[in-house]
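One structure is given here, and the rest of the page talks about it.
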Amino acid sequence: KQWYQRRVRAMEKLLVLLLAVTSVACKQRTLVILENVLTKETHSSFLSDLVAKDIDLVYKYATDSSLTIKKYGEPLYDNIIILAPSVSAFGNGITANDFLEFVDDGGNVVMSASTEIGDPIKEIAAEVGIEIDDEGTSVIDHMNYDASDAGYHNLIVAREFSATPVIVGEAPKPVLFKGVGMAADSDNPLVIDILRASATAYSHAVDQDILDYPLAIGNNLLLVAGMQARNNARVVIFGSHDMLSDAFYNAEIAAAAAGNQAFVGSVMSWALKLNGDLRFSNVKHNKVGEAPSDAAYRITDEVEYSIVIEEMRNGNWEAFKGSDVQLDFVRIDPFVRTALIPNAQGVFHIGFKVPDVYGSSSSRWTTTE
Amino acid sequence: SPTQKQWYQRRVRVNQERKLEARRRSDTVLVPTINDAVIAALKSEDSVMAHSLAYLTASLVPGDAPKDLLDSIEDIAHRADTIGSAMSFDGGLMETAMFLKGAFALSEKAGSSALSDSMAKKFANYVASNKNKSGQSNLFYTLIGLDALANNKLMVPSQLLVLENSAVLTTESPSLKLSLVDPLGNAVVGSGLFVEGGQIVFAVGEMSGADGVFEVSAESLVRGIHKVGVAATLPASYIAPDVTSVSCKVVLPVQIKDILFKLIDVDDNRVMTTSDLSEGPVVAKGDLSTRLILDFSVKDADGYSVSLHQAFVRFTNSKTGQQVYFIAQPDLNKKYNIDLNFRTAASKSFGSLAGEYSVDAILGDATLPSAMILNIATFTLDLPESSEPSTDLSKSAKPEISHIFRVPEKRPPQAISMFFTGLIFLPALVLLVVWAKLGANISNLSLSLSGVGFHAGLAAIFGIYINFFIGTNMFTTMKYLSGVAVITFLAGQRLLSSIAAQKKAK
């Protein structure tokens with residue numbers, strides 16, 4: 001009996017150890033690149049909010065000679081956050097291309113920019129389709145500046161959020177912004193204008209007359225821009241390094257608290273794939289009335305197709321509640337496109353007739369959320 | 001001889017004196033002991049925190065401060081990192097605040113500060129920058145540090161503050177209010193501020209006010225952003241602030257005047273519309289051959305022309321909401337001008353999108369109380385082939401595709417098909433009739449084994465052919481055919497030889 005009890009206790013210890021290992025391994029590893037020692041102090045709330053989301057943070061300085069992103073061909077991190085807007089060159093020979101490779105490998109990147117912006121940040125942004133204005137320029141708004149701005153009206157209140165609650169949160173409050181503006185090609189379907197400047201805003205150097213057309217004016221000027229690549233990697237650029245700081249989190253706009261903390265928290269959840277990520281499983285298709293089989297279908301067969309789609313909401317996988325999910329039956333071009341109908345458990349299904357074109361086809365599903 | 005009572009009193013007094021003497025002796029022994037112990041402890045632990053606590057301990061002990069400790073203050077201070085205008089130790093807020101507390105306590109005891117003015121200012125900048133951090137520990141140590149800096153009698157860094165956002169001067173509030181404060185935010189009593197020359201807004205001289213709060217009224221409100229130099233006079237133990245000038249802004253309203261809106265037909269060279277907007281916004285039409293000219297000036301209350309940072313003219317499409325901006329450039333007389341030729345502008349700026357546009361002028365500047373938006377005109381642009389704004393397919397569900405199956409070909413009605421089927425079988429009937437006419441008969445059919453076998457075999461072979469035609473493949477056909485063929489061959493040979501033998505017998 002003693003021997004048995006000892007065995008059980010050993011098994012319990014092993015089980016606890018296994019659970020501990022897997023729970024640690026499930027945490028996302030995130031690299032935070034800081035400009036200098038002061039950044040940890042001035043942006044302490046931003047960093048502590050990330051830690052509260054159960055993310056493992058690794059801190060490195062931008063010019064650190066031991067800065068590495070990839071080792072033996074594998075990325076070392078799941079996400080990279082760059083809080084070093086004015087860095088002129090990263091340490092250890094890291095260039096903008098290394099960050100783009102990281103995005104190609106599926107990693108998410110979040111960057112902050114400011115009026116004193118350095119070349120590397122501009123390059124990374126340009127490669128993902130977002131153009132940041134030149135060094136020395138600011139976003140100026142003579143109509144929506146904060147009351148405490150006694151200078152050139154570059155401390156502005158931004159209210160024009162994009163209509164995507166999964167990124168900006170439900171009913172976001174106005175935020176304080178002081179920094180540089182961005183522009184993106186309106187035809188680019190991958191760029192998301194998370195926060196736009198108001199119609200009276202423009203981007204220019206504060207103390208120089210405007211002789212040439214600025215980078216962007218009005219609603220075309222972006223304050224916070226995001227990009228979702230085709231491999232679902234996400235890139236977010238905050239045009240203002242200060243909007244992430246403790247001073248702005250604690251500031252007030254017209255005697256009400258500024259919405260910076262809530263807004264940035266919501267955008268970071270989306271950027272780090274803790275919110276608004278989709279996955280699918282259990283793809284089943286078979287002839288009506290029969291069990292699924294690998295045999296080929298004949299033309300004009302009635303086929304039913306079902307798929308389970310889940311959405312990540314605040315760290316948990318839940319049934320996806322989309323309304324525009326469509327199924328394409330494709331042989332080079334889609335021959336059949338129908339809507340997928342969800343049932344109560346979040347299983348999407350549809351029946352369709354196989355078209356009378358011969359050859360191998362594939363089915364793919366899309367959603368416009 | 002003394003009484004018992006007097007003897008007792010004397011003994012008590014002698015005892016008391018003896019005890020006091022012992023204590024006095026032990027006091028003087030105690031003080032060097034504490035200081036020695038502290039210095040000895042520092043030899044084994046060299047950290048900044050250890051030194052800070054040593055300074056605090058030494059400041060509480062009566063007597064002179066040990067010279068070694070005082071000298072070490074400056075050395076320890078040099079261990080701090082300077083980033084910009086802030087100085088801090090590696091251990092962060094706690095280490096820095098405790099160092100300041102200890103260093104100032106010991107320095108006050110010694111009567112002279114070991115830290116330099118610039119060090120004190122940089123440490124103050126660092127501690128004050130932690131005001132916004134949350135957490136009780138941060139709040140506590142921030143206050144410890146600021147209290148050490150503000151309440152010592154040797155060197156207190158002071159700061160120049162602008163009160164009530166008064167750096168923005170308007171005709172309604174033309175006074176600049178400044179304050180000299182210590183690190184805890186208390187105004188410095190017994191200080192003074194002097195406005196220096198080199199600027200045009202304020203008169204040179206002492207600012208009025210007392211107890212650290214000062215005010216000066218603008219002499220001439222000249223639009224723009226001005227740097228006003230101020231010199232501070234402070235009591236002896238205070239350090240003058242780093243900032244010696246205040247940036248203030250004079251904000252005055254403007255009005256848009258002398259507006260001229262003209263539409264010219266370039267091909268016919270005639271003026272289609274001209275208006276000075278006295279009757280409100282213009283309603284006008286134009287097309288590719290139109291040239292739009294807009295002139296205006298911006299004047300302040302005295303009638304002088306002003307140039308602004310932002311002078312845009314915006315065209316907003318009333319249907320799609322698309323906005324097109326043009327920059328109005330001022331000429332030498334500060335008169336703003338927009339000159340648009342739609343032959344080039346329609347495709348370059350408007351994307352060849354026809355429709356009704358609302359034309360607004362947007363004026364903004366740091367020296368204006370707020371931006372001004374003025375509606376100039378409602379302009380309808382006609383274009384020959386205007387493209388419909390392309391819908392963004394990526395944002396809406398793609399159109400559904402249902403496959404159209406191949407429709408089977410039209411067949412003729414069944415009656416005609418049956419009639420022609422009948423016609424096909426007619427020659428077979430003709431064949432049977434002709435056979436009968438020829439006298440073909442089956443009278444000589446022998447019912448022997450070979451006869452039946454042969455005819456059955458033939459029928460079976462035909463059956464196998466029909467089966468092959470319907471659906472089986474050559475392999476099954478050959479399988480059956482091989483067996484049946486042998487039987488039919490043997491039976492047929494037997495039958496033919498029996499018929500031949502019958503014929504021979506006749």
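Residue numbering restarts at 1 for every chain of the structure tokens, chains are lettered A, B, ... in their displayed order, and ligands are numbered from 1 as they appear.
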Counting only C-alpha atoms, which residues in chain A sit no more than 9 Å from chain B? For each one, give the nearest pair of atoms and the distance in Å, sorted by chain then residue number, as a tab-separated table.
```
residue	atom	partner	partner_atom	distance
A:Asn36	CA	B:Ile83	CA	8.4
A:Val37	CA	B:Ile83	CA	8.1
A:Leu38	CA	B:Ile83	CA	7.7
A:Glu41	CA	B:Asn130	CA	7.4
A:Thr42	CA	B:Asn130	CA	7.8
A:His43	CA	B:Lys133	CA	8.9
A:Ser44	CA	B:Lys133	CA	7.2
A:Ser45	CA	B:Lys133	CA	7.5
A:Asp141	CA	B:Gly364	CA	8.1
A:His142	CA	B:Ala371	CA	5.1
A:Met143	CA	B:Ala371	CA	5.0
A:Asn144	CA	B:Ser370	CA	8.5
A:Tyr145	CA	B:Ser370	CA	9.0
A:Ala147	CA	B:Asn165	CA	8.5
A:Ser148	CA	B:Asn165	CA	6.7
A:Asp149	CA	B:Asn165	CA	8.6
A:Ala150	CA	B:Val168	CA	5.8
A:Gly151	CA	B:Ala366	CA	6.7
A:Tyr152	CA	B:Ala366	CA	5.0
A:His153	CA	B:Ala366	CA	6.0
A:Asp187	CA	B:Asp392	CA	8.4
A:Pro189	CA	B:Ser394	CA	6.5
A:Ala199	CA	B:Gln323	CA	8.8
A:Thr200	CA	B:Ile362	CA	7.2
A:Tyr202	CA	B:Gln310	CA	8.5
A:Val206	CA	B:His309	CA	8.4
A:Asp207	CA	B:His309	CA	8.6
A:Gln208	CA	B:His309	CA	8.0
A:Asp209	CA	B:His309	CA	5.9
A:Ile210	CA	B:His309	CA	6.7
A:Leu211	CA	B:Gln329	CA	7.4
A:Asp212	CA	B:Ile327	CA	8.0
A:Tyr213	CA	B:Ile327	CA	6.8
A:Ile217	CA	B:Tyr325	CA	7.3
A:Gly218	CA	B:Gln323	CA	8.1
A:Asn219	CA	B:Gln323	CA	8.1
A:Asn220	CA	B:Gln323	CA	8.7
A:Asp246	CA	B:Asn132	CA	6.1
A:Ala247	CA	B:Asn132	CA	5.9
A:Tyr249	CA	B:Asn132	CA	8.9
A:Asn250	CA	B:Asn132	CA	7.0
A:Thr300	CA	B:Phe405	CA	8.3
A:Asp324	CA	B:Ala397	CA	5.9
A:Val325	CA	B:Ala397	CA	8.0
A:Gln326	CA	B:Ala397	CA	7.7
A:Asp328	CA	B:Ile401	CA	8.7
A:Pro334	CA	B:Ile401	CA	7.9
A:Phe335	CA	B:His403	CA	6.0
A:Val336	CA	B:Ile401	CA	5.0
A:Arg337	CA	B:Ile401	CA	4.6
A:Thr338	CA	B:Glu400	CA	5.6
A:Ala339	CA	B:Glu400	CA	7.6
A:Lys353	CA	B:His403	CA	8.4
A:Val354	CA	B:His403	CA	8.6
A:Pro355	CA	B:His403	CA	6.1
A:Asp356	CA	B:Phe405	CA	6.4
A:Thr366	CA	B:Ala397	CA	8.9
A:Thr367	CA	B:Ala397	CA	7.5
A:Thr368	CA	B:Lys395	CA	6.0
A:Glu369	CA	B:Lys395	CA	7.9
```
May I have the residues within 12 Å of Tyr55 in chain B as a short mmCIF file (atom, residue, chain, number, x, y, z; two decimals) with all heavy atoms, in the first residue's frame, using only C-alpha atoms and disregarding those fewer than 3 positions away in the same chain?
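The result, written out as around19.cif:
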```
data_model
loop_
_atom_site.label_atom_id
_atom_site.label_comp_id
_atom_site.auth_asym_id
_atom_site.auth_seq_id
_atom_site.Cartn_x
_atom_site.Cartn_y
_atom_site.Cartn_z
N ILE B 34 28.52 54.75 17.33
CA ILE B 34 27.56 54.65 16.22
C ILE B 34 28.23 55.03 14.91
O ILE B 34 28.13 54.31 13.91
CB ILE B 34 26.33 55.56 16.48
CG1 ILE B 34 25.53 55.02 17.67
CG2 ILE B 34 25.47 55.64 15.24
CD1 ILE B 34 24.30 55.84 17.97
N ASN B 35 28.91 56.17 14.92
CA ASN B 35 29.54 56.60 13.67
C ASN B 35 30.56 55.58 13.17
O ASN B 35 30.62 55.27 11.99
CB ASN B 35 30.23 57.97 13.87
CG ASN B 35 29.21 59.09 13.88
OD1 ASN B 35 28.12 58.95 13.34
ND2 ASN B 35 29.55 60.20 14.50
N VAL B 38 28.77 52.66 11.72
CA VAL B 38 28.21 52.96 10.40
C VAL B 38 29.29 52.92 9.33
O VAL B 38 29.13 52.30 8.28
CB VAL B 38 27.51 54.34 10.45
CG1 VAL B 38 27.38 54.92 9.07
CG2 VAL B 38 26.16 54.23 11.11
N ILE B 39 30.42 53.58 9.62
CA ILE B 39 31.50 53.60 8.62
C ILE B 39 32.04 52.20 8.38
O ILE B 39 32.34 51.81 7.25
CB ILE B 39 32.61 54.56 9.07
CG1 ILE B 39 32.08 56.00 9.01
CG2 ILE B 39 33.83 54.43 8.17
CD1 ILE B 39 33.02 57.03 9.62
N LEU B 42 29.69 50.32 6.13
CA LEU B 42 29.78 50.75 4.73
C LEU B 42 30.95 50.09 4.04
O LEU B 42 30.93 49.92 2.82
CB LEU B 42 29.94 52.27 4.65
CG LEU B 42 28.65 53.06 4.82
CD1 LEU B 42 28.94 54.54 4.73
CD2 LEU B 42 27.66 52.67 3.74
N VAL B 48 24.26 52.21 -2.93
CA VAL B 48 23.75 53.58 -2.74
C VAL B 48 22.78 53.61 -1.57
O VAL B 48 22.81 54.53 -0.74
CB VAL B 48 23.04 54.06 -4.02
CG1 VAL B 48 22.41 55.41 -3.82
CG2 VAL B 48 24.02 54.09 -5.18
N MET B 49 21.93 52.59 -1.48
CA MET B 49 20.95 52.55 -0.38
C MET B 49 21.65 52.49 0.96
O MET B 49 21.24 53.15 1.91
CB MET B 49 20.06 51.31 -0.58
CG MET B 49 18.83 51.33 0.27
SD MET B 49 17.86 52.83 -0.02
CE MET B 49 16.25 52.23 0.24
N ALA B 50 22.71 51.70 1.02
CA ALA B 50 23.44 51.59 2.29
C ALA B 50 24.00 52.95 2.68
O ALA B 50 23.92 53.35 3.84
CB ALA B 50 24.55 50.55 2.15
N HIS B 51 24.55 53.67 1.72
CA HIS B 51 25.09 55.00 2.01
C HIS B 51 23.99 55.95 2.46
O HIS B 51 24.16 56.73 3.40
CB HIS B 51 25.80 55.56 0.78
CG HIS B 51 27.20 55.04 0.62
ND1 HIS B 51 28.28 55.62 1.25
CD2 HIS B 51 27.69 54.00 -0.09
CE1 HIS B 51 29.39 54.95 0.91
NE2 HIS B 51 29.05 53.96 0.11
N SER B 52 22.83 55.88 1.77
CA SER B 52 21.73 56.78 2.14
C SER B 52 21.31 56.54 3.58
O SER B 52 21.10 57.48 4.35
CB SER B 52 20.53 56.55 1.21
OG SER B 52 20.91 56.56 -0.13
N ALA B 58 23.67 59.01 10.58
CA ALA B 58 24.64 59.99 11.09
C ALA B 58 23.98 61.33 11.37
O ALA B 58 24.40 62.06 12.26
CB ALA B 58 25.77 60.15 10.07
N SER B 59 22.92 61.67 10.60
CA SER B 59 22.28 62.96 10.83
C SER B 59 21.48 62.96 12.12
O SER B 59 21.24 64.01 12.70
CB SER B 59 21.37 63.29 9.65
OG SER B 59 20.24 62.46 9.67
N LEU B 60 21.06 61.78 12.59
CA LEU B 60 20.27 61.72 13.81
C LEU B 60 21.15 61.70 15.05
O LEU B 60 20.73 62.04 16.14
CB LEU B 60 19.39 60.46 13.80
CG LEU B 60 18.28 60.44 12.75
CD1 LEU B 60 17.67 59.06 12.65
CD2 LEU B 60 17.20 61.45 13.10
N VAL B 61 22.38 61.28 14.85
CA VAL B 61 23.29 61.16 16.00
C VAL B 61 23.81 62.54 16.40
O VAL B 61 24.23 63.30 15.54
CB VAL B 61 24.46 60.22 15.60
CG1 VAL B 61 25.60 60.33 16.58
CG2 VAL B 61 23.97 58.80 15.46
N ALA B 65 29.10 65.82 12.12
CA ALA B 65 29.00 64.78 11.09
C ALA B 65 30.39 64.31 10.72
O ALA B 65 31.30 65.12 10.57
CB ALA B 65 28.29 65.35 9.87
N PRO B 66 30.58 63.01 10.56
CA PRO B 66 31.92 62.52 10.20
C PRO B 66 32.31 62.99 8.80
O PRO B 66 31.49 62.98 7.88
CB PRO B 66 31.76 61.01 10.22
CG PRO B 66 30.33 60.72 10.44
CD PRO B 66 29.60 61.95 10.73
N LYS B 67 33.55 63.41 8.66
CA LYS B 67 33.99 64.00 7.41
C LYS B 67 33.97 62.99 6.27
O LYS B 67 33.66 63.31 5.13
CB LYS B 67 35.41 64.56 7.59
CG LYS B 67 35.80 65.50 6.47
CD LYS B 67 37.06 66.25 6.80
CE LYS B 67 37.51 67.06 5.61
NZ LYS B 67 37.46 66.34 4.34
N ASP B 68 34.30 61.71 6.60
CA ASP B 68 34.33 60.68 5.55
C ASP B 68 32.98 60.57 4.87
O ASP B 68 32.87 60.51 3.64
CB ASP B 68 34.67 59.31 6.15
CG ASP B 68 36.10 59.30 6.66
OD1 ASP B 68 36.86 60.22 6.26
OD2 ASP B 68 36.46 58.39 7.41
N LEU B 69 31.94 60.55 5.71
CA LEU B 69 30.60 60.39 5.15
C LEU B 69 30.23 61.58 4.27
O LEU B 69 29.69 61.43 3.18
CB LEU B 69 29.56 60.24 6.27
CG LEU B 69 29.43 58.84 6.87
CD1 LEU B 69 28.33 58.81 7.91
CD2 LEU B 69 29.14 57.81 5.81
N LEU B 70 30.56 62.79 4.77
CA LEU B 70 30.22 63.99 3.99
C LEU B 70 30.91 63.96 2.64
O LEU B 70 30.31 64.28 1.61
CB LEU B 70 30.66 65.24 4.76
CG LEU B 70 29.66 65.78 5.77
CD1 LEU B 70 30.29 66.92 6.55
CD2 LEU B 70 28.40 66.27 5.07
N ASP B 71 32.17 63.56 2.61
CA ASP B 71 32.91 63.54 1.35
C ASP B 71 32.33 62.51 0.39
O ASP B 71 32.38 62.69 -0.82
CB ASP B 71 34.38 63.22 1.61
CG ASP B 71 35.08 64.39 2.30
OD1 ASP B 71 34.57 65.52 2.18
OD2 ASP B 71 36.12 64.15 2.94
N SER B 72 31.78 61.42 0.98
CA SER B 72 31.31 60.37 0.08
C SER B 72 30.02 60.74 -0.64
O SER B 72 29.65 60.10 -1.62
CB SER B 72 31.08 59.07 0.87
OG SER B 72 29.95 59.22 1.70
N ILE B 73 29.33 61.79 -0.13
CA ILE B 73 28.06 62.16 -0.78
C ILE B 73 28.27 62.48 -2.25
O ILE B 73 27.56 61.99 -3.13
CB ILE B 73 27.40 63.38 -0.07
CG1 ILE B 73 26.94 62.99 1.33
CG2 ILE B 73 26.20 63.88 -0.89
CD1 ILE B 73 26.27 64.12 2.08
N ILE B 76 29.04 59.34 -4.34
CA ILE B 76 27.85 58.52 -4.61
C ILE B 76 26.96 59.21 -5.63
O ILE B 76 26.39 58.57 -6.51
CB ILE B 76 27.07 58.28 -3.30
CG1 ILE B 76 27.93 57.55 -2.29
CG2 ILE B 76 25.80 57.49 -3.58
CD1 ILE B 76 28.32 56.16 -2.70
N MET B 98 15.59 58.14 -1.35
CA MET B 98 16.26 57.89 -0.06
C MET B 98 17.63 58.54 -0.04
O MET B 98 18.06 59.06 0.99
CB MET B 98 16.38 56.38 0.19
CG MET B 98 15.05 55.70 0.48
SD MET B 98 14.14 56.46 1.84
CE MET B 98 15.12 55.95 3.22
N PHE B 99 18.33 58.55 -1.17
CA PHE B 99 19.63 59.23 -1.22
C PHE B 99 19.47 60.71 -0.94
O PHE B 99 20.24 61.31 -0.17
CB PHE B 99 20.28 59.01 -2.59
CG PHE B 99 21.50 59.85 -2.80
CD1 PHE B 99 22.69 59.50 -2.20
CD2 PHE B 99 21.46 61.01 -3.57
CE1 PHE B 99 23.83 60.28 -2.36
CE2 PHE B 99 22.59 61.79 -3.73
CZ PHE B 99 23.78 61.43 -3.13
N LEU B 100 18.47 61.33 -1.57
CA LEU B 100 18.26 62.76 -1.37
C LEU B 100 17.94 63.05 0.09
O LEU B 100 18.46 64.01 0.68
CB LEU B 100 17.12 63.25 -2.28
CG LEU B 100 17.46 63.32 -3.76
CD1 LEU B 100 16.20 63.58 -4.59
CD2 LEU B 100 18.49 64.40 -4.04
N LYS B 101 17.08 62.21 0.66
CA LYS B 101 16.71 62.42 2.07
C LYS B 101 17.94 62.36 2.97
O LYS B 101 18.18 63.24 3.79
CB LYS B 101 15.69 61.36 2.48
CG LYS B 101 15.07 61.61 3.83
CD LYS B 101 13.88 60.68 4.06
CE LYS B 101 13.43 60.74 5.50
NZ LYS B 101 12.88 62.04 5.87
N GLY B 102 18.72 61.29 2.77
CA GLY B 102 19.90 61.12 3.61
C GLY B 102 20.93 62.22 3.39
O GLY B 102 21.47 62.81 4.32
N ALA B 103 21.20 62.52 2.09
CA ALA B 103 22.25 63.49 1.77
C ALA B 103 21.91 64.87 2.33
O ALA B 103 22.75 65.55 2.92
CB ALA B 103 22.45 63.55 0.27
N PHE B 104 20.66 65.28 2.16
CA PHE B 104 20.27 66.60 2.65
C PHE B 104 20.24 66.64 4.17
O PHE B 104 20.61 67.64 4.79
CB PHE B 104 18.92 67.03 2.05
CG PHE B 104 19.06 67.67 0.69
CD1 PHE B 104 18.56 67.05 -0.43
CD2 PHE B 104 19.73 68.87 0.56
CE1 PHE B 104 18.70 67.63 -1.67
CE2 PHE B 104 19.89 69.45 -0.69
CZ PHE B 104 19.39 68.83 -1.81
N ALA B 105 19.81 65.54 4.80
CA ALA B 105 19.79 65.53 6.27
C ALA B 105 21.20 65.71 6.81
O ALA B 105 21.44 66.51 7.72
CB ALA B 105 19.17 64.21 6.76
N LEU B 106 22.14 64.98 6.23
CA LEU B 106 23.51 65.08 6.72
C LEU B 106 24.14 66.43 6.36
O LEU B 106 24.87 67.03 7.15
CB LEU B 106 24.34 63.94 6.11
CG LEU B 106 25.70 63.70 6.78
CD1 LEU B 106 25.50 63.40 8.25
CD2 LEU B 106 26.43 62.57 6.09
N SER B 107 23.81 66.93 5.16
CA SER B 107 24.37 68.21 4.74
C SER B 107 23.87 69.34 5.63
O SER B 107 24.62 70.24 5.99
CB SER B 107 23.98 68.51 3.29
OG SER B 107 24.50 67.58 2.44
N GLU B 108 22.58 69.28 5.98
CA GLU B 108 22.03 70.31 6.87
C GLU B 108 22.74 70.28 8.20
O GLU B 108 23.04 71.32 8.80
CB GLU B 108 20.52 70.06 7.08
CG GLU B 108 19.66 70.89 6.18
CD GLU B 108 18.19 70.76 6.50
OE1 GLU B 108 17.68 69.62 6.47
OE2 GLU B 108 17.56 71.78 6.80
N LYS B 109 23.02 69.09 8.69
CA LYS B 109 23.71 68.97 9.97
C LYS B 109 25.10 69.59 9.86
O LYS B 109 25.55 70.30 10.75
CB LYS B 109 23.82 67.50 10.33
CG LYS B 109 24.25 67.24 11.74
CD LYS B 109 24.13 65.74 12.02
CE LYS B 109 24.99 65.34 13.17
NZ LYS B 109 24.53 65.88 14.45
N ALA B 110 25.76 69.31 8.70
CA ALA B 110 27.12 69.85 8.54
C ALA B 110 27.10 71.32 8.21
O ALA B 110 28.08 72.02 8.40
CB ALA B 110 27.84 69.06 7.45
#
```
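For the pair CA of Thr68 in chain A and CA of Asn232 in chain A, the separation is 22.9 Å.
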**Study point:** Surrounding residues of Ala240 in chain B excluding itself and chain neighbours under 4 positions, 9 Å, only C-alpha atoms, as a PyMOL selection string
**Key:** chain B and resi 156-159+231-234+244
Exercise for review: Identify, on the basis of only C-alpha atoms, every residue whose closest approach to Val128 in chain A does not exceed 12 Å; exclude the query and any residue fewer than 4 positions from it along the same chain; express the result as a PyMOL selection string.
Suggested key: chain A and resi 96-97+99-101+103-104+109+121-124+132+183-185+188-192+225-230+233-237
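Remark: for Leu383 in chain B, the closest of the candidate residues B:Ala354, B:Leu139, B:Leu496, B:Ile487 is B:Ala354 (distances computed over only C-alpha atoms).
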Review point. Phe202 in chain B: which residues within 9 Å, counting only C-alpha atoms, same-chain residues fewer than 5 positions away excluded, as an NGL selection string?
Key: :B and (195-197 or 216-221 or 228)
Requested write-out: N, CA and C atoms of the selected residues, as a CSV table (one decimal), in the first residue's frame:
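Ended up saving to selection05.csv:
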```
chain,number,residue,atom,x,y,z
B,195,VAL,N,10.8,91.5,-15.7
B,195,VAL,CA,10.6,91.3,-17.1
B,195,VAL,C,11.7,92.0,-17.9
B,196,GLU,N,12.4,91.2,-18.7
B,196,GLU,CA,13.6,91.8,-19.4
B,196,GLU,C,13.1,92.4,-20.8
B,197,GLY,N,14.0,93.1,-21.4
B,197,GLY,CA,13.7,93.7,-22.7
B,197,GLY,C,13.9,92.7,-23.8
B,216,VAL,N,1.7,90.4,-14.8
B,216,VAL,CA,2.1,91.6,-15.5
B,216,VAL,C,1.1,91.7,-16.7
B,217,SER,N,0.6,92.9,-17.0
B,217,SER,CA,-0.4,93.1,-18.0
B,217,SER,C,0.3,93.5,-19.3
B,218,ALA,N,-0.2,93.0,-20.5
B,218,ALA,CA,0.5,93.3,-21.7
B,218,ALA,C,0.3,94.8,-22.1
B,219,GLU,N,1.4,95.4,-22.6
B,219,GLU,CA,1.3,96.8,-22.9
B,219,GLU,C,0.8,96.9,-24.3
B,220,SER,N,1.3,96.1,-25.3
B,220,SER,CA,0.8,96.2,-26.6
B,220,SER,C,0.6,94.7,-27.1
B,221,LEU,N,-0.7,94.4,-27.5
B,221,LEU,CA,-1.0,93.1,-27.9
B,221,LEU,C,-0.6,93.0,-29.4
B,228,VAL,N,9.4,85.9,-23.8
B,228,VAL,CA,9.6,86.9,-22.8
B,228,VAL,C,10.6,86.5,-21.8
```
Point to revise | All helix (DSSP H, G or I) positions in range 52-267 of chain B, as a VMD selection string | key: chain B and resid 52 to 60 67 to 77 93 to 110 117 to 132 136 to 150
Point to revise | Test item, strand (DSSP E) assignment across range 194-391 of chain B, answer as a PyMOL selection string | key: chain B and resi 194-195+205-206+208-210+213-217+224-233+238-239+245-250+254-265+270-275+282-286+290-300+310-317+323-327+329-330+335-341+355-364+372-381
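One finds CA of Asp268 in chain B at 12.5 Å from CA of Leu288 in chain B.
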